[in-house]
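Novice: The file below is data_33.csv, CSV, C-alpha atoms:
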chain,number,residue,atom,x,y,z
A,934,MET,CA,214.6,14.2,89.4
A,935,TYR,CA,214.3,14.1,93.1
A,936,SER,CA,212.2,11.2,94.5
A,937,LYS,CA,210.8,13.5,97.3
A,938,THR,CA,211.2,17.1,98.2
A,939,TYR,CA,210.8,18.1,101.9
A,940,THR,CA,209.9,21.5,103.3
A,941,VAL,CA,212.1,22.8,106.1
A,942,THR,CA,209.3,22.2,108.6
A,943,GLU,CA,208.7,18.7,107.4
A,944,LEU,CA,212.4,17.8,107.7
A,945,ASN,CA,212.8,19.4,111.1
A,946,SER,CA,209.6,17.6,112.3
A,947,TYR,CA,210.9,14.3,111.0
A,948,ILE,CA,214.2,14.7,112.8
A,949,LYS,CA,212.3,15.6,116.0
A,950,ARG,CA,210.2,12.4,115.7
A,951,VAL,CA,213.4,10.3,115.1
A,952,LEU,CA,215.1,11.8,118.2
A,953,ASP,CA,212.0,11.5,120.4
A,954,ALA,CA,211.8,7.8,119.6
A,955,ASP,CA,215.4,7.1,120.5
A,956,ASN,CA,215.4,6.0,124.2
A,957,ALA,CA,219.2,6.4,124.3
A,958,LEU,CA,218.7,10.2,124.2
A,959,ALA,CA,216.3,10.2,127.2
A,960,GLY,CA,217.6,10.3,130.8
A,961,LEU,CA,221.1,11.4,129.7
A,962,TYR,CA,223.7,12.5,132.2
A,963,VAL,CA,226.0,15.1,130.5
A,964,LYS,CA,229.1,16.6,132.1
A,965,GLY,CA,230.5,19.9,131.0
A,966,GLU,CA,231.2,23.6,131.8
A,967,LEU,CA,228.4,26.2,131.9
A,968,SER,CA,228.6,29.0,129.4
A,969,ASN,CA,226.5,32.0,128.6
A,970,TYR,CA,224.1,31.2,131.5
A,971,LYS,CA,220.9,33.3,131.4
A,972,ILE,CA,217.7,33.3,133.4
A,973,TYR,CA,214.8,34.9,131.6
A,974,PRO,CA,211.9,36.7,133.2
A,975,SER,CA,209.7,33.7,132.4
A,976,GLY,CA,211.9,31.7,134.9
A,977,HIS,CA,213.4,29.5,132.2
A,978,HIS,CA,217.1,28.9,132.1
A,979,TYR,CA,219.1,29.0,128.8
A,980,PHE,CA,222.7,28.1,128.6
A,981,THR,CA,225.5,26.2,126.8
A,982,MET,CA,227.4,23.2,128.1
A,983,LYS,CA,230.9,22.8,126.6
A,984,ASP,CA,234.1,21.0,126.9
A,985,ALA,CA,237.5,21.4,125.2
A,986,ASP,CA,236.2,20.3,121.7
A,987,SER,CA,232.4,20.9,121.5
A,988,SER,CA,229.4,22.7,122.9
A,989,LEU,CA,225.7,21.8,123.4
A,990,LYS,CA,222.7,24.2,123.7
A,991,CYS,CA,220.6,23.6,126.8
A,992,VAL,CA,217.3,24.7,128.3
A,993,MET,CA,215.9,24.2,131.8
A,994,PHE,CA,212.3,25.2,132.3
A,995,LYS,CA,211.1,27.0,135.4
A,996,GLY,CA,209.4,23.9,137.0
A,997,SER,CA,212.7,22.0,137.0
A,998,SER,CA,214.9,25.0,137.9
A,999,MET,CA,212.9,25.5,141.1
A,1000,LYS,CA,214.2,22.2,142.5
A,1001,LEU,CA,217.9,23.3,142.2
A,1002,ARG,CA,219.8,23.4,145.5
A,1003,PHE,CA,222.5,25.7,144.1
A,1004,LEU,CA,222.8,28.7,141.8
A,1005,PRO,CA,224.4,27.8,138.5
A,1006,LYS,CA,226.8,30.3,137.0
A,1007,SER,CA,228.9,30.5,133.8
A,1008,GLY,CA,232.2,28.7,134.2
A,1009,MET,CA,230.9,26.2,136.7
A,1010,SER,CA,231.5,22.5,136.0
A,1011,ILE,CA,228.2,20.5,136.3
A,1012,VAL,CA,226.5,17.2,135.5
A,1013,ALA,CA,223.1,17.7,133.9
A,1014,CYS,CA,220.3,15.2,133.5
A,1015,GLY,CA,217.9,15.5,130.6
A,1016,LYS,CA,216.7,14.6,127.1
A,1017,VAL,CA,217.9,15.6,123.7
A,1018,GLN,CA,215.1,17.0,121.5
A,1019,VAL,CA,214.7,19.2,118.5
A,1020,PHE,CA,213.2,22.7,118.5
A,1021,PRO,CA,211.6,22.5,115.0
A,1022,ARG,CA,211.2,26.3,114.5
A,1023,ASP,CA,215.0,26.9,114.5
A,1024,GLY,CA,216.1,23.4,113.4
A,1025,LEU,CA,218.2,23.3,116.6
A,1026,TYR,CA,218.7,20.3,118.8
A,1027,GLN,CA,219.4,20.9,122.4
A,1028,LEU,CA,219.4,19.2,125.8
A,1029,TYR,CA,216.2,19.8,127.8
A,1030,VAL,CA,217.6,19.6,131.4
A,1031,SER,CA,215.5,18.3,134.3
A,1032,ASP,CA,218.2,18.4,137.0
A,1033,MET,CA,221.8,19.4,137.5
A,1034,ILE,CA,224.4,19.1,140.2
A,1035,PRO,CA,228.0,20.5,140.6
A,1036,ASP,CA,230.5,18.2,139.0
A,1037,GLY,CA,232.3,17.5,142.2
A,1038,ILE,CA,229.7,14.9,143.2
A,1039,GLY,CA,228.7,13.8,139.8
A,1040,GLU,CA,229.7,10.1,140.2
A,1041,LEU,CA,227.9,9.7,143.5
A,1042,TYR,CA,224.9,11.5,142.1
A,1043,LEU,CA,224.7,9.2,139.1
A,1044,ALA,CA,224.9,6.2,141.4
A,1045,TYR,CA,222.2,7.6,143.6
A,1046,GLU,CA,219.9,8.3,140.7
A,1047,GLN,CA,220.5,4.9,139.1
A,1048,LEU,CA,219.8,3.0,142.3
A,1049,LYS,CA,216.7,5.2,143.0
A,1050,GLU,CA,215.3,4.5,139.6
A,1051,LYS,CA,216.0,0.7,139.9
A,1052,LEU,CA,214.3,0.4,143.3
A,1053,GLN,CA,211.4,2.6,142.3
A,1054,SER,CA,210.8,0.4,139.2
A,1055,GLU,CA,210.5,-2.6,141.6
A,1056,GLY,CA,207.8,-0.8,143.6
A,1057,ILE,CA,209.9,-0.7,146.8
A,1058,PHE,CA,209.0,3.0,147.4
A,1059,ASP,CA,205.2,2.4,147.0
A,1060,GLU,CA,203.0,3.7,149.8
A,1061,ARG,CA,201.2,0.3,149.9
A,1062,HIS,CA,204.3,-1.2,151.5
A,1063,LYS,CA,204.5,1.4,154.3
A,1064,LYS,CA,203.7,0.0,157.8
A,1065,PRO,CA,201.9,2.1,160.4
A,1066,LEU,CA,203.8,3.1,163.5
A,1067,PRO,CA,202.5,1.7,166.9
A,1068,ARG,CA,200.8,4.5,168.9
A,1069,PHE,CA,202.3,3.5,172.2
A,1070,PRO,CA,205.6,1.6,171.6
A,1071,GLY,CA,207.0,-0.4,174.4
A,1072,LYS,CA,210.5,-0.9,173.0
A,1073,ILE,CA,212.5,1.2,170.5
A,1074,ALA,CA,215.7,0.1,168.8
A,1075,VAL,CA,218.1,2.9,167.7
A,1076,ILE,CA,220.5,1.8,165.0
A,1077,THR,CA,223.2,4.5,164.7
A,1078,SER,CA,226.7,5.4,165.9
A,1079,PRO,CA,226.9,5.4,169.7
A,1080,ALA,CA,229.4,8.3,169.6
A,1081,GLY,CA,227.5,10.7,167.5
A,1082,ALA,CA,225.4,13.7,168.7
A,1083,ALA,CA,222.4,12.2,166.9
A,1084,VAL,CA,222.0,9.3,169.4
A,1085,GLN,CA,222.2,11.7,172.3
A,1086,ASP,CA,219.4,13.8,170.8
A,1087,ILE,CA,217.3,10.8,170.2
A,1088,LEU,CA,217.7,9.4,173.7
A,1089,ARG,CA,217.1,12.8,175.4
A,1090,ILE,CA,213.8,13.4,173.5
A,1091,LEU,CA,212.6,9.8,173.9
A,1092,LYS,CA,213.1,10.0,177.7
A,1093,LYS,CA,211.4,13.4,177.9
A,1094,ARG,CA,208.4,12.5,175.8
A,1095,TRP,CA,207.8,8.9,176.6
A,1096,PRO,CA,209.9,7.5,179.5
A,1097,LEU,CA,207.7,4.4,179.6
A,1098,ALA,CA,209.4,3.0,176.5
A,1099,GLY,CA,212.6,0.9,176.7
A,1100,VAL,CA,215.3,2.0,174.4
A,1101,ILE,CA,218.0,-0.3,172.9
A,1102,VAL,CA,220.9,1.3,171.1
A,1103,MET,CA,222.4,-1.0,168.5
A,1104,PRO,CA,225.8,0.5,167.7
A,1105,VAL,CA,227.0,0.6,164.1
A,1106,ARG,CA,229.3,2.6,161.9
A,1107,VAL,CA,227.4,5.1,159.9
A,1108,GLN,CA,230.2,6.1,157.6
A,1109,GLY,CA,232.8,4.3,155.6
A,1110,VAL,CA,233.0,1.1,153.6
A,1111,GLU,CA,231.8,-1.2,156.4
A,1112,ALA,CA,228.9,0.9,157.5
A,1113,PRO,CA,226.2,-0.4,155.0
A,1114,GLN,CA,226.9,-4.0,156.0
A,1115,GLU,CA,226.7,-3.2,159.7
A,1116,ILE,CA,223.4,-1.2,159.4
A,1117,ALA,CA,221.7,-3.9,157.3
A,1118,LYS,CA,222.9,-6.6,159.8
A,1119,ALA,CA,221.6,-4.7,162.8
A,1120,ILE,CA,218.1,-4.2,161.1
A,1121,ARG,CA,218.0,-8.0,160.4
A,1122,GLU,CA,219.0,-8.8,164.0
A,1123,ALA,CA,216.4,-6.5,165.4
A,1124,ASN,CA,213.7,-8.4,163.4
A,1125,GLU,CA,215.0,-11.8,164.2
A,1126,THR,CA,215.1,-11.2,167.9
A,1127,LYS,CA,211.9,-9.2,167.9
A,1128,GLN,CA,213.3,-6.9,170.5
A,1129,ALA,CA,211.6,-3.6,169.4
A,1130,ASP,CA,208.3,-2.2,168.2
A,1131,ILE,CA,209.9,0.6,166.2
A,1132,ILE,CA,213.4,1.0,164.7
A,1133,ILE,CA,215.0,4.4,164.3
A,1134,THR,CA,218.1,4.4,162.0
A,1135,GLY,CA,220.1,7.3,160.8
A,1136,ARG,CA,222.8,9.8,161.7
A,1137,GLY,CA,223.6,13.5,161.9
A,1138,GLY,CA,224.2,15.8,159.0
A,1139,GLY,CA,227.2,15.8,156.6
A,1140,SER,CA,228.3,15.8,153.0
A,1141,ILE,CA,226.9,13.4,150.5
A,1142,GLU,CA,229.9,11.2,151.0
A,1143,ASP,CA,229.2,11.2,154.8
A,1144,LEU,CA,225.6,10.1,154.3
A,1145,TRP,CA,226.4,7.6,151.5
A,1146,ALA,CA,225.9,4.5,153.7
A,1147,PHE,CA,222.2,5.2,153.7
A,1148,ASN,CA,222.2,5.3,149.9
A,1149,ASP,CA,223.5,1.7,149.7
A,1150,GLU,CA,221.3,-1.0,148.2
A,1151,LYS,CA,221.9,-3.5,151.0
A,1152,VAL,CA,220.6,-1.0,153.6
A,1153,ALA,CA,217.6,-0.2,151.3
A,1154,ARG,CA,216.6,-3.9,150.9
A,1155,ALA,CA,217.1,-4.6,154.7
A,1156,ILE,CA,214.7,-1.7,155.5
A,1157,PHE,CA,212.2,-3.0,153.0
A,1158,ALA,CA,212.3,-6.5,154.4
A,1159,SER,CA,211.9,-5.4,158.0
A,1160,ASP,CA,208.7,-6.5,159.7
A,1161,ILE,CA,209.2,-3.8,162.3
A,1162,PRO,CA,208.3,-0.3,161.2
A,1163,ILE,CA,211.4,1.8,160.5
A,1164,ILE,CA,211.8,5.6,160.8
A,1165,SER,CA,214.7,7.0,158.7
A,1166,ALA,CA,216.5,9.9,160.2
A,1167,VAL,CA,219.4,10.8,158.1
A,1168,GLY,CA,221.1,14.3,158.2
A,1169,HIS,CA,219.2,17.5,158.1
A,1170,GLU,CA,215.8,18.3,156.4
A,1171,PRO,CA,217.2,19.0,152.9
A,1172,ASP,CA,219.2,15.7,152.9
A,1173,VAL,CA,217.3,13.0,151.1
A,1174,THR,CA,218.7,9.4,150.9
A,1175,ILE,CA,217.5,6.1,149.4
A,1176,ALA,CA,216.8,5.0,153.0
A,1177,ASP,CA,214.2,7.9,153.3
A,1178,PHE,CA,212.3,6.6,150.3
A,1179,VAL,CA,212.2,3.0,151.5
A,1180,ALA,CA,211.5,3.6,155.2
A,1181,ASP,CA,207.9,3.6,156.5
A,1182,VAL,CA,208.4,7.1,157.8
A,1183,ARG,CA,211.0,9.7,157.0
A,1184,ALA,CA,212.0,12.1,159.7
A,1185,ALA,CA,213.6,15.5,158.9
A,1186,THR,CA,216.3,15.0,161.6
A,1187,PRO,CA,217.2,12.4,164.3
A,1188,SER,CA,215.5,14.6,166.9
A,1189,ASN,CA,212.3,14.7,164.7
A,1190,ALA,CA,212.5,10.9,164.5
A,1191,ALA,CA,212.3,10.6,168.3
A,1192,GLU,CA,209.3,13.0,168.3
A,1193,ILE,CA,207.5,10.9,165.6
A,1194,ALA,CA,208.3,7.6,167.3
A,1195,VAL,CA,206.5,8.3,170.6
A,1196,PRO,CA,203.7,10.4,171.9
A,1197,ASP,CA,204.2,13.3,174.3
A,1198,MET,CA,203.5,12.0,177.8
A,1199,MET,CA,202.3,15.4,179.0
A,1200,GLU,CA,200.0,15.7,176.0
A,1201,ILE,CA,198.6,12.3,176.8
A,1202,TYR,CA,198.2,13.2,180.4
A,1203,GLY,CA,196.4,16.4,179.4
A,1204,LYS,CA,194.0,14.4,177.2
A,1205,LEU,CA,193.4,11.9,180.0
A,1206,LEU,CA,192.7,14.7,182.4
A,1207,SER,CA,190.3,16.3,180.0
A,1208,ALA,CA,188.6,13.0,179.3
A,1209,ASN,CA,188.3,12.4,183.1
A,1210,ILE,CA,186.6,15.8,183.5
A,1211,ARG,CA,184.2,15.1,180.6
A,1212,LEU,CA,183.4,11.6,182.1
A,1213,ARG,CA,182.7,13.1,185.5
A,1214,GLN,CA,180.4,15.8,183.9
A,1215,ALA,CA,178.6,13.2,181.9
A,1216,ALA,CA,178.1,10.9,185.0
A,1217,ALA,CA,176.8,13.9,187.0
A,1218,GLY,CA,174.4,14.8,184.2
A,1219,ARG,CA,173.2,11.2,184.0
A,1220,LEU,CA,172.7,11.0,187.8
A,1221,LYS,CA,170.7,14.2,187.7
A,1222,ILE,CA,168.4,12.8,185.1
A,1223,TYR,CA,167.9,9.5,187.1
A,1224,ARG,CA,167.2,11.5,190.2
A,1225,GLN,CA,164.5,13.5,188.4
A,1226,ARG,CA,163.0,10.3,187.1
A,1227,LEU,CA,163.0,8.7,190.6
A,1228,CYS,CA,161.4,11.9,192.0
A,1229,ASP,CA,158.7,11.8,189.3
A,1230,MET,CA,158.0,8.1,189.9
A,1231,SER,CA,157.9,8.4,193.6
A,1232,GLY,CA,154.8,10.6,193.3
A,1233,LYS,CA,152.9,8.1,191.3
A,1234,ARG,CA,149.8,6.4,192.9
A,1235,VAL,CA,151.1,2.9,192.3
A,1236,LEU,CA,154.2,3.5,194.3
A,1237,GLN,CA,152.4,5.3,197.1
A,1238,ASN,CA,150.1,2.3,197.7
A,1239,PRO,CA,150.9,-0.9,195.7
A,1240,GLY,CA,147.4,-2.2,196.6
A,1241,ASN,CA,145.8,0.5,194.5
A,1242,TYR,CA,147.4,-1.0,191.4
A,1243,ILE,CA,145.9,-4.4,192.2
A,1244,ASN,CA,142.5,-3.0,192.9
A,1245,ASP,CA,142.5,-1.1,189.6
A,1246,LYS,CA,143.4,-4.2,187.8
A,1247,ARG,CA,140.7,-6.2,189.7
A,1248,ILE,CA,138.0,-3.6,188.7
A,1249,GLY,CA,139.2,-3.7,185.1
A,1250,LEU,CA,139.0,-7.5,185.2
A,1251,ASP,CA,135.4,-7.4,186.5
A,1252,ARG,CA,134.3,-5.0,183.9
A,1253,GLY,CA,136.0,-7.0,181.2
A,1254,THR,CA,134.2,-10.1,182.5
A,1255,GLU,CA,130.8,-8.4,182.4
A,1256,LYS,CA,131.4,-7.3,178.8
A,1257,LEU,CA,132.5,-10.8,177.8
A,1258,ILE,CA,129.4,-12.4,179.3
A,1259,ALA,CA,127.1,-9.8,177.7
A,1260,ALA,CA,128.8,-10.4,174.4
A,1261,MET,CA,128.4,-14.2,174.7
A,1262,GLN,CA,124.7,-13.9,175.7
A,1263,TRP,CA,124.0,-11.8,172.7
A,1264,LYS,CA,125.9,-14.2,170.5
A,1265,VAL,CA,123.9,-17.2,171.8
A,1266,ALA,CA,120.6,-15.3,171.3
A,1267,GLU,CA,121.5,-14.4,167.8
A,1268,SER,CA,122.5,-18.0,167.0
A,1269,LYS,CA,119.2,-19.3,168.5
A,1270,LYS,CA,117.2,-16.9,166.5
A,1271,ARG,CA,118.9,-17.9,163.3
A,1272,PHE,CA,118.4,-21.6,164.2
A,1273,LEU,CA,114.6,-21.3,164.8
A,1274,SER,CA,114.2,-19.4,161.5
A,1275,ALA,CA,116.1,-22.0,159.6
A,1276,ALA,CA,114.1,-24.8,161.3
A,1277,ALA,CA,110.8,-23.2,160.4
A,1278,SER,CA,111.9,-22.8,156.8
A,1279,LEU,CA,113.0,-26.4,156.6
A,1280,ASP,CA,109.7,-27.7,158.2
A,1281,ALA,CA,107.6,-25.7,155.7
A,1282,MET,CA,109.4,-27.4,152.8
A,1283,SER,CA,109.1,-30.9,154.4
A,1284,PRO,CA,107.2,-33.5,152.2
A,1285,LEU,CA,105.5,-34.8,155.4
A,1286,LYS,CA,103.6,-31.5,155.6
A,1287,VAL,CA,102.3,-32.1,152.1
A,1288,LEU,CA,101.2,-35.6,153.0
A,1289,GLY,CA,99.4,-34.3,156.0
A,1290,ARG,CA,97.1,-32.3,153.8
A,1291,GLY,CA,95.8,-35.5,152.1
A,1292,TYR,CA,98.3,-35.9,149.3
A,1293,ALA,CA,100.2,-39.1,148.5
A,1294,ILE,CA,103.4,-40.1,146.8
A,1295,ALA,CA,103.5,-42.9,144.2
A,1296,ARG,CA,106.7,-44.8,143.5
A,1297,HIS,CA,107.8,-47.8,141.6
A,1298,ALA,CA,108.2,-50.7,144.0
A,1299,ASP,CA,111.3,-52.1,142.5
A,1300,SER,CA,113.3,-48.8,141.9
A,1301,ASP,CA,111.6,-46.5,144.4
A,1302,THR,CA,111.4,-43.9,141.6
A,1303,VAL,CA,108.6,-41.3,142.0
A,1304,ILE,CA,105.8,-41.6,139.5
A,1305,LYS,CA,104.9,-38.2,138.1
A,1306,SER,CA,102.4,-39.2,135.3
A,1307,ALA,CA,100.4,-42.1,134.0
A,1308,ASN,CA,103.0,-42.5,131.2
A,1309,ASP,CA,105.6,-43.5,133.8
A,1310,VAL,CA,103.8,-46.9,134.5
A,1311,THR,CA,102.7,-49.8,132.4
A,1312,LYS,CA,100.1,-52.5,133.1
A,1313,GLY,CA,101.2,-54.9,135.8
A,1314,ASP,CA,103.8,-52.6,137.4
A,1315,LYS,CA,104.0,-52.8,141.1
A,1316,ILE,CA,103.5,-49.5,142.8
A,1317,LYS,CA,104.0,-48.2,146.4
A,1318,VAL,CA,101.8,-45.3,147.6
A,1319,ARG,CA,103.1,-43.3,150.5
A,1320,LEU,CA,100.4,-41.8,152.7
A,1321,GLN,CA,100.7,-39.6,155.8
A,1322,LYS,CA,100.9,-42.5,158.2
A,1323,ASP,CA,101.0,-45.7,156.1
A,1324,GLU,CA,102.1,-47.1,152.8
A,1325,ILE,CA,100.1,-49.3,150.4
A,1326,SER,CA,101.1,-51.6,147.6
A,1327,CYS,CA,99.3,-51.5,144.3
A,1328,VAL,CA,99.4,-53.0,140.8
A,1329,ALA,CA,98.9,-50.9,137.6
A,1330,LEU,CA,95.8,-52.0,135.6
Could you spell out this file's structure in structure tokens?
Specialist:
Amino acid sequence: MYSKTYTVTELNSYIKRVLDADNALAGLYVKGELSNYKIYPSGHHYFTMKDADSSLKCVMFKGSSMKLRFLPKSGMSIVACGKVQVFPRDGLYQLYVSDMIPDGIGELYLAYEQLKEKLQSEGIFDERHKKPLPRFPGKIAVITSPAGAAVQDILRILKKRWPLAGVIVMPVRVQGVEAPQEIAKAIREANETKQADIIITGRGGGSIEDLWAFNDEKVARAIFASDIPIISAVGHEPDVTIADFVADVRAATPSNAAEIAVPDMMEIYGKLLSANIRLRQAAAGRLKIYRQRLCDMSGKRVLQNPGNYINDKRIGLDRGTEKLIAAMQWKVAESKKRFLSAAASLDAMSPLKVLGRGYAIARHADSDTVIKSANDVTKGDKIKVRLQKDEISCVAL
């Protein structure tokens, strides 16, 4: 008896999961000859890669194929980059290609991709590291070959666009074994001596071998470590090097680097001229407003005779004084009226008024307590009787 029976779909799906989990099958570089190359109406490319002893089915989807810089054909030797996966429906494993290059530059391409991946994983290409270029640089260092056409293009455009900037050419080799070391050293020297506000480094066009100095790790790390903003100007627009990824700004060509590095003097002059016109117009408009205000104020009575203003204030002061005196008199009369009324009420309630009508007030002589009834005294108690004008002493019997 079998311990487990798989359906075809289950088995193919299991194999797919196993292959997908194998990192060794991702990011592969495979060298071989193209065979049976077909481009379908969908834009996807289907082909076989083979060598003397074996073959491998491959597919390159439209999105990846649009980045190709050459037209692949059957019989061509290439290096393909991709991942091995299984297509479960057919039970077929194949290479899903993301990029390919002709085999003639395969080793250089692999080195380029490996260094690019390494530096990218370190974050050296991140935008957060990019330094802004100064708007009006005073000094520019050009690190390139003094004999190439590129340096002449850079100098010509810099002089035409912004002759105010001083330009320092730091001669280096841009091709060969010694070139990377010289370029990196020149970048470090420019930073140590602080002799420039911007650095332009690069060279004219050429093959990948010609441009290889700018794919060197020493150059990349020197650019990254630079405190001075760097413009990378290597080759022509389609050429992309590691230096382009690390630099603060990438120029399509050396001439374009000069255009990026400095403003156009004539454009700045035009802007200043336009600003000057706007400033004059604004000043004229403001003066017109002030003249109108002055004209309006000159017709005012206070400016025609300053004494009128004082007289107006004097009259106002007199009227205010009259109102204040009237208010104070009314206030005093009201207060006096309330006082007399309160005094009359107080006089009416006075005990002396009662005594004046023939009444008397009896009090204990020792405690001065008012006696209200006969029960409040006992025989022999001393009593004081208050009359209107006098007071008499008595003894209770």
Novice: Using atom CA of Tyr1242 of chain A and atom CA of Ile1258 of chain A as the two end points, give the distance in Å to one decimal.
Specialist: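 A separation of 24.5 Å between them.
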Novice: Atom CA of Val1084 of chain A and atom CA of Lys1204 of chain A, how far apart in Å?
Specialist: 29.5 Å
Novice: Rounded to one decimal place, report the atom CA of Lys1016 of chain A-atom CA of Leu958 of chain A distance in Å.
Specialist: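 Those two atoms sit 5.6 Å apart.
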Novice: Please determine the residues with any atom at most 12 Å from (226.1, 8.4, 150.4) (coordinates as given in the file, with all atoms listed in the file counting) and report them as a compact mmCIF listing (two decimals) with C-alpha atoms, in the coordinates of the input.
Specialist:
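Wrote it out as result_35.txt, contents follow:
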# COMPACT_ATOMS: atom_id res chain seq x y z
CA ILE A 1038 229.70 14.90 143.20
CA GLU A 1040 229.70 10.10 140.20
CA LEU A 1041 227.90 9.70 143.50
CA TYR A 1042 224.90 11.50 142.10
CA LEU A 1043 224.70 9.20 139.10
CA ALA A 1044 224.90 6.20 141.40
CA TYR A 1045 222.20 7.60 143.60
CA GLU A 1046 219.90 8.30 140.70
CA LEU A 1048 219.80 3.00 142.30
CA VAL A 1107 227.40 5.10 159.90
CA GLN A 1108 230.20 6.10 157.60
CA GLY A 1109 232.80 4.30 155.60
CA VAL A 1110 233.00 1.10 153.60
CA ALA A 1112 228.90 0.90 157.50
CA PRO A 1113 226.20 -0.40 155.00
CA ARG A 1136 222.80 9.80 161.70
CA GLY A 1138 224.20 15.80 159.00
CA GLY A 1139 227.20 15.80 156.60
CA SER A 1140 228.30 15.80 153.00
CA ILE A 1141 226.90 13.40 150.50
CA GLU A 1142 229.90 11.20 151.00
CA ASP A 1143 229.20 11.20 154.80
CA LEU A 1144 225.60 10.10 154.30
CA TRP A 1145 226.40 7.60 151.50
CA ALA A 1146 225.90 4.50 153.70
CA PHE A 1147 222.20 5.20 153.70
CA ASN A 1148 222.20 5.30 149.90
CA ASP A 1149 223.50 1.70 149.70
CA GLU A 1150 221.30 -1.00 148.20
CA VAL A 1152 220.60 -1.00 153.60
CA VAL A 1167 219.40 10.80 158.10
CA GLY A 1168 221.10 14.30 158.20
CA ASP A 1172 219.20 15.70 152.90
CA VAL A 1173 217.30 13.00 151.10
CA THR A 1174 218.70 9.40 150.90
CA ILE A 1175 217.50 6.10 149.40
CA ALA A 1176 216.80 5.00 153.00
Novice: So that I can check the surroundings of Asp1299 of chain A, please list as a short mmCIF file (atom, residue, chain, number, x, y, z; two decimals) with C-alpha atoms, keeping the file's coordinate frame every protein, DNA and RNA residue that reaches within 10 Å of it, counting all atoms listed in the file and ignoring chain neighbours fewer than 5 positions away.
Specialist:
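Generated output (part-v1.cif):
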data_model
loop_
_atom_site.label_atom_id
_atom_site.label_comp_id
_atom_site.auth_asym_id
_atom_site.auth_seq_id
_atom_site.Cartn_x
_atom_site.Cartn_y
_atom_site.Cartn_z
CA ASP A 1314 103.80 -52.60 137.40
CA LYS A 1315 104.00 -52.80 141.10
CA ILE A 1316 103.50 -49.50 142.80
CA LYS A 1317 104.00 -48.20 146.40
#
Novice: If we draw a sphere of 10 Å around (199.6, 2.9, 159.5), which residues have at least one atom in it when counting only C-alpha atoms? Please report them as number ranges by chain.
Specialist: A: 1063-1068, 1162, 1181-1182
Novice: Using all atoms listed in the file, find the one residue out of A:Gly1135, A:Pro974, A:Gly1056, A:Pro1284 that sits nearest to Phe1157 of chain A.
Specialist: A:Gly1056
Novice: Just want the 9 Å neighbourhood of Ile1304 of chain A, counted on all atoms listed in the file, with same-chain residues fewer than 6 positions away dropped. Output as a ChimeraX atom specification.
Specialist: /A:1294-1297,1310,1316
Novice: Fewer than 5 positions away in the same chain doesn't count, so skip those; otherwise give me all residues within 12 Å of Gly1015 of chain A, counting only C-alpha atoms, as a PyMOL selection string.
Specialist: chain A and resi 956-964+991-994+997+1027-1033
